[in-house]
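Structure below is protein.cif: mmCIF, C-alpha atoms.
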data_run
loop_
_atom_site.group_PDB
_atom_site.id
_atom_site.type_symbol
_atom_site.label_atom_id
_atom_site.label_comp_id
_atom_site.auth_asym_id
_atom_site.auth_seq_id
_atom_site.Cartn_x
_atom_site.Cartn_y
_atom_site.Cartn_z
ATOM 1 C CA MET A 1 124.706 137.628 -225.589
ATOM 2 C CA ASN A 2 121.237 136.919 -224.202
ATOM 3 C CA VAL A 3 120.322 140.224 -222.553
ATOM 4 C CA GLU A 4 116.807 139.059 -221.662
ATOM 5 C CA GLN A 5 118.275 136.125 -219.738
ATOM 6 C CA ILE A 6 120.697 138.456 -217.932
ATOM 7 C CA TYR A 7 117.717 140.533 -216.771
ATOM 8 C CA LYS A 8 115.826 137.401 -215.717
ATOM 9 C CA ASP A 9 118.822 136.011 -213.817
ATOM 10 C CA ALA A 10 119.104 139.299 -211.906
ATOM 11 C CA ASN A 11 115.359 139.276 -211.096
ATOM 12 C CA ALA A 12 115.185 142.487 -213.106
ATOM 13 C CA LEU A 13 112.483 141.526 -215.609
ATOM 14 C CA LEU A 14 109.448 142.041 -213.404
ATOM 15 C CA GLU A 15 105.886 140.937 -214.102
ATOM 16 C CA GLY A 16 102.881 142.566 -212.443
ATOM 17 C CA HIS A 17 101.052 145.891 -212.746
ATOM 18 C CA PHE A 18 103.334 148.878 -213.199
ATOM 19 C CA LYS A 19 102.800 152.588 -213.638
ATOM 20 C CA LEU A 20 105.619 153.907 -215.821
ATOM 21 C CA SER A 21 107.351 157.304 -215.760
ATOM 22 C CA SER A 22 105.341 158.232 -218.874
ATOM 23 C CA GLY A 23 102.081 157.795 -216.900
ATOM 24 C CA ASN A 24 101.181 154.699 -218.920
ATOM 25 C CA TYR A 25 100.862 151.158 -217.567
ATOM 26 C CA SER A 26 102.496 147.831 -218.366
ATOM 27 C CA LYS A 27 102.450 144.222 -217.155
ATOM 28 C CA PHE A 28 106.248 144.148 -217.394
ATOM 29 C CA TYR A 29 109.021 146.335 -216.000
ATOM 30 C CA LEU A 30 112.771 146.315 -216.539
ATOM 31 C CA GLN A 31 114.651 147.140 -213.339
ATOM 32 C CA SER A 32 118.129 147.829 -214.720
ATOM 33 C CA ALA A 33 119.478 148.807 -211.317
ATOM 34 C CA LYS A 34 119.239 145.133 -210.306
ATOM 35 C CA VAL A 35 121.346 144.148 -213.326
ATOM 36 C CA LEU A 36 123.893 146.923 -212.873
ATOM 37 C CA GLU A 37 124.464 146.358 -209.159
ATOM 38 C CA ASP A 38 126.930 143.640 -210.215
ATOM 39 C CA PRO A 39 130.031 145.431 -211.619
ATOM 40 C CA LYS A 40 131.027 142.407 -213.722
ATOM 41 C CA THR A 41 127.629 142.367 -215.440
ATOM 42 C CA ALA A 42 127.688 146.145 -215.922
ATOM 43 C CA LYS A 43 131.116 145.819 -217.559
ATOM 44 C CA LEU A 44 129.979 142.926 -219.766
ATOM 45 C CA LEU A 45 126.974 144.881 -221.058
ATOM 46 C CA ALA A 46 128.894 148.140 -221.493
ATOM 47 C CA ASP A 47 131.676 146.382 -223.388
ATOM 48 C CA ALA A 48 129.112 144.862 -225.788
ATOM 49 C CA LEU A 49 127.485 148.268 -226.307
ATOM 50 C CA ALA A 50 130.886 149.909 -226.843
ATOM 51 C CA GLU A 51 131.717 147.256 -229.452
ATOM 52 C CA GLN A 52 128.599 148.203 -231.458
ATOM 53 C CA ILE A 53 129.592 151.867 -231.342
ATOM 54 C CA LYS A 54 133.192 151.187 -232.349
ATOM 55 C CA LYS A 55 132.056 149.033 -235.296
ATOM 56 C CA SER A 56 129.910 151.922 -236.550
ATOM 57 C CA GLY A 57 132.981 154.146 -236.778
ATOM 58 C CA ILE A 58 131.475 156.796 -234.488
ATOM 59 C CA LYS A 59 134.086 158.489 -232.305
ATOM 60 C CA VAL A 60 133.147 160.497 -229.228
ATOM 61 C CA ASP A 61 134.804 162.682 -226.635
ATOM 62 C CA ALA A 62 132.364 162.034 -223.800
ATOM 63 C CA ILE A 63 129.217 160.290 -222.577
ATOM 64 C CA CYS A 64 126.355 162.159 -220.910
ATOM 65 C CA SER A 65 123.543 160.378 -219.076
ATOM 66 C CA PRO A 66 120.318 161.685 -217.612
ATOM 67 C CA ALA A 67 120.081 160.974 -213.891
ATOM 68 C CA LEU A 68 119.091 158.823 -212.237
ATOM 69 C CA GLY A 69 118.542 155.716 -214.321
ATOM 70 C CA GLY A 70 121.315 156.278 -216.841
ATOM 71 C CA LEU A 71 124.166 156.966 -214.425
ATOM 72 C CA ILE A 72 125.661 153.492 -214.018
ATOM 73 C CA ALA A 73 125.095 152.489 -217.654
ATOM 74 C CA GLY A 74 126.631 155.752 -218.876
ATOM 75 C CA PHE A 75 129.644 155.547 -216.602
ATOM 76 C CA ALA A 76 130.241 151.914 -217.610
ATOM 77 C CA LEU A 77 129.987 152.846 -221.302
ATOM 78 C CA ALA A 78 132.397 155.770 -220.844
ATOM 79 C CA THR A 79 134.827 153.374 -219.150
ATOM 80 C CA ALA A 80 134.503 150.878 -222.025
ATOM 81 C CA LEU A 81 135.116 153.631 -224.601
ATOM 82 C CA ASP A 82 137.811 155.300 -222.457
ATOM 83 C CA VAL A 83 136.152 158.719 -222.613
ATOM 84 C CA ARG A 84 134.953 161.316 -220.107
ATOM 85 C CA PHE A 85 131.572 160.963 -218.357
ATOM 86 C CA ILE A 86 129.149 163.649 -217.194
ATOM 87 C CA PHE A 87 125.472 163.625 -216.281
ATOM 88 C CA ALA A 88 122.433 165.848 -216.463
ATOM 89 C CA GLU A 89 119.859 165.980 -213.676
ATOM 90 C CA ARG A 90 116.542 167.581 -212.895
ATOM 91 C CA ALA A 91 116.505 170.786 -210.863
ATOM 92 C CA ASP A 92 113.063 172.284 -210.273
ATOM 93 C CA GLY A 93 111.674 169.886 -212.876
ATOM 94 C CA GLU A 94 114.094 170.962 -215.622
ATOM 95 C CA MET A 95 117.003 168.869 -216.940
ATOM 96 C CA THR A 96 120.290 170.682 -216.384
ATOM 97 C CA ILE A 97 124.035 170.087 -216.373
ATOM 98 C CA ARG A 98 125.666 171.350 -213.182
ATOM 99 C CA ARG A 99 128.109 170.158 -210.456
ATOM 100 C CA GLY A 100 130.938 171.872 -212.284
ATOM 101 C CA PHE A 101 130.653 169.714 -215.415
ATOM 102 C CA GLU A 102 131.914 171.577 -218.465
ATOM 103 C CA VAL A 103 130.839 170.907 -222.036
ATOM 104 C CA LYS A 104 133.469 172.206 -224.432
ATOM 105 C CA GLU A 105 132.545 173.838 -227.738
ATOM 106 C CA GLY A 106 132.545 171.209 -230.498
ATOM 107 C CA GLU A 107 133.000 168.259 -228.122
ATOM 108 C CA THR A 108 131.142 165.137 -229.336
ATOM 109 C CA TYR A 109 128.767 163.186 -227.093
ATOM 110 C CA ILE A 110 126.709 160.021 -226.902
ATOM 111 C CA ILE A 111 123.673 160.282 -224.618
ATOM 112 C CA CYS A 112 123.390 157.008 -222.688
ATOM 113 C CA GLU A 113 120.412 155.614 -220.762
ATOM 114 C CA ASP A 114 119.839 152.268 -219.082
ATOM 115 C CA ILE A 115 116.545 151.918 -220.999
ATOM 116 C CA ILE A 116 115.168 153.979 -223.876
ATOM 117 C CA THR A 117 111.381 154.086 -223.961
ATOM 118 C CA THR A 118 110.324 157.165 -225.931
ATOM 119 C CA GLY A 119 113.691 158.863 -225.375
ATOM 120 C CA GLY A 120 112.239 161.923 -223.634
ATOM 121 C CA SER A 121 114.835 162.188 -220.841
ATOM 122 C CA ALA A 122 117.691 161.414 -223.230
ATOM 123 C CA LEU A 123 116.500 164.172 -225.560
ATOM 124 C CA GLU A 124 116.329 166.649 -222.667
ATOM 125 C CA ALA A 125 119.925 165.792 -221.711
ATOM 126 C CA ALA A 126 120.991 166.152 -225.358
ATOM 127 C CA ARG A 127 119.481 169.637 -225.544
ATOM 128 C CA GLU A 128 121.513 170.686 -222.500
ATOM 129 C CA VAL A 129 124.719 169.357 -224.072
ATOM 130 C CA GLU A 130 123.955 171.174 -227.325
ATOM 131 C CA LYS A 131 122.982 174.379 -225.529
ATOM 132 C CA ALA A 132 126.475 174.360 -223.970
ATOM 133 C CA GLY A 133 128.170 173.911 -227.353
ATOM 134 C CA GLY A 134 128.550 170.129 -227.494
ATOM 135 C CA ILE A 135 127.554 167.963 -230.457
ATOM 136 C CA VAL A 136 125.366 164.894 -229.853
ATOM 137 C CA VAL A 137 126.289 162.221 -232.406
ATOM 138 C CA ALA A 138 124.286 159.220 -231.114
ATOM 139 C CA TYR A 139 122.150 157.725 -228.363
ATOM 140 C CA ALA A 140 122.778 154.476 -226.505
ATOM 141 C CA ALA A 141 121.006 152.216 -224.000
ATOM 142 C CA LEU A 142 121.265 148.733 -222.619
ATOM 143 C CA ALA A 143 117.643 148.039 -223.575
ATOM 144 C CA ASN A 144 115.198 149.535 -226.056
ATOM 145 C CA ARG A 145 111.492 149.394 -225.213
ATOM 146 C CA GLY A 146 110.619 149.155 -228.912
ATOM 147 C CA PHE A 147 109.320 152.664 -229.625
ATOM 148 C CA CYS A 148 112.513 153.875 -231.264
ATOM 149 C CA SER A 149 114.353 152.014 -234.004
ATOM 150 C CA ARG A 150 117.918 151.025 -233.197
ATOM 151 C CA VAL A 151 120.982 149.974 -235.147
ATOM 152 C CA GLY A 152 120.824 146.260 -235.989
ATOM 153 C CA SER A 153 117.100 145.767 -235.302
ATOM 154 C CA ASP A 154 114.092 145.589 -237.598
ATOM 155 C CA ILE A 155 111.760 147.294 -235.087
ATOM 156 C CA GLU A 156 110.117 150.261 -236.782
ATOM 157 C CA ARG A 157 110.062 153.684 -235.177
ATOM 158 C CA LYS A 158 106.725 154.506 -233.497
ATOM 159 C CA ASP A 159 105.085 157.930 -233.548
ATOM 160 C CA ASN A 160 105.840 158.552 -229.865
ATOM 161 C CA CYS A 161 109.625 158.107 -230.259
ATOM 162 C CA LYS A 162 111.144 161.487 -229.396
ATOM 163 C CA LEU A 163 114.723 160.806 -230.525
ATOM 164 C CA PRO A 164 115.861 162.623 -233.688
ATOM 165 C CA LEU A 165 115.758 160.713 -236.959
ATOM 166 C CA ASP A 166 119.276 161.770 -237.955
ATOM 167 C CA LYS A 167 121.097 160.236 -234.948
ATOM 168 C CA PRO A 168 121.563 156.471 -234.440
ATOM 169 C CA LEU A 169 120.395 154.606 -231.353
ATOM 170 C CA PHE A 170 122.597 151.752 -230.159
ATOM 171 C CA ALA A 171 121.089 149.194 -227.772
ATOM 172 C CA LEU A 172 121.672 145.561 -226.866
ATOM 173 C CA GLU A 173 118.110 144.234 -226.988
ATOM 174 C CA ASP A 174 114.509 145.168 -227.795
ATOM 175 C CA PHE A 175 111.849 144.619 -225.129
ATOM 176 C CA ALA A 176 108.637 145.539 -226.931
ATOM 177 C CA PHE A 177 106.147 145.110 -224.088
ATOM 178 C CA GLN A 178 102.558 146.247 -224.531
ATOM 179 C CA MET A 179 101.784 149.526 -222.767
ATOM 180 C CA TYR A 180 98.380 150.921 -221.878
ATOM 181 C CA THR A 181 97.126 154.463 -221.370
ATOM 182 C CA PRO A 182 95.265 155.117 -218.085
ATOM 183 C CA ASP A 183 91.967 154.802 -220.020
ATOM 184 C CA GLU A 184 93.008 151.474 -221.593
ATOM 185 C CA CYS A 185 94.364 149.902 -218.408
ATOM 186 C CA ASP A 186 91.937 147.342 -216.958
ATOM 187 C CA PHE A 187 94.259 145.681 -214.421
ATOM 188 C CA LYS A 188 92.355 145.121 -211.190
ATOM 189 C CA ASP A 189 95.239 145.351 -208.698
ATOM 190 C CA ILE A 190 96.998 148.525 -207.531
ATOM 191 C CA ALA A 191 99.824 149.695 -209.820
ATOM 192 C CA TYR A 192 103.367 149.568 -208.489
ATOM 193 C CA LYS A 193 105.452 152.646 -209.379
ATOM 194 C CA PRO A 194 109.118 151.584 -209.509
ATOM 195 C CA GLY A 195 110.407 154.432 -211.717
ATOM 196 C CA SER A 196 112.722 157.229 -210.653
ATOM 197 C CA ARG A 197 110.290 160.133 -211.189
ATOM 198 C CA GLY A 198 108.085 159.275 -208.247
ATOM 199 C CA ASN A 199 104.815 159.136 -210.157
#

Rewrite the coordinates I just gave you, this time as structure tokens.
Amino acid sequence: MNVEQIYKDANALLEGHFKLSSGNYSKFYLQSAKVLEDPKTAKLLADALAEQIKKSGIKVDAICSPALGGLIAGFALATALDVRFIFAERADGEMTIRRGFEVKEGETYIICEDIITTGGSALEAAREVEKAGGIVVAYAALANRGFCSRVGSDIERKDNCKLPLDKPLFALEDFAFQMYTPDECDFKDIAYKPGSRGN
């Protein structure tokens, strides 16, 4: 499966000047919402991700995604694995699980995002699951920005990867685009801010 081509075909691999949720800048941006607006494509990608997870032997009771970006990917993965789906969301700047979702003691979870960059939001969602008594056994995403190492890839973990070393990350493709800190960024045009955190 050529995931990069799927993003290109959906006009979801954008080129320009982007300010990312992390506050850093990039010449490229993955707009997964454009890919996932087609249910057939969402199913295709989720089925491929589920196949990786099944081959690993990991079994889970539920998927949890951080809102907003991970919602469609997480729901599609839960459907492919035939397990329950919940999500965590920010309330007053803090990630929380609410809306009546219940995490049962000892229940196993995969935290699923559309894209893993450093894994910060995924880790926040995982902490909420664990605080409620759940057990996070893995992380998953459609795309990996190349900061965290994933199953089946030779990309080495970078210092700014926040995901735990003892839990696998499953993803379909690596997109290791160069990122720049505000001090390093010398793009002359105004940065576009497409992310969900409104920065």

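Relative to atom CA of A:Ile86, atom CA of A:Ser65 is found at 6.8 Å.
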
On this structure, the PyMOL selection byres ((chain A and resi 108-125) around 9) would catch which residues? List them as a VMD selection string, sorted by chain and number.
chain A and resid 22 30 32 to 33 59 to 67 69 to 75 77 87 to 89 94 to 97 104 to 107 126 to 130 134 to 148 158 160 to 164 171

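Interatomic distance, atom CA of A:Val35 against atom CA of A:Leu14: 12.1 Å.
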
List the residues selected by the PyMOL selection byres ((chain A and resi 28) around 12) in the file shown, writing them as a VMD selection string.
chain A and resid 8 12 to 20 24 to 27 29 to 31 145 175 to 180 191 to 194

Between atom CA of A:Met1 and atom CA of A:Leu49, measure the distance and give it in Å to one decimal.
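Between atom CA of A:Met1 and atom CA of A:Leu49 the gap works out to 11.0 Å.
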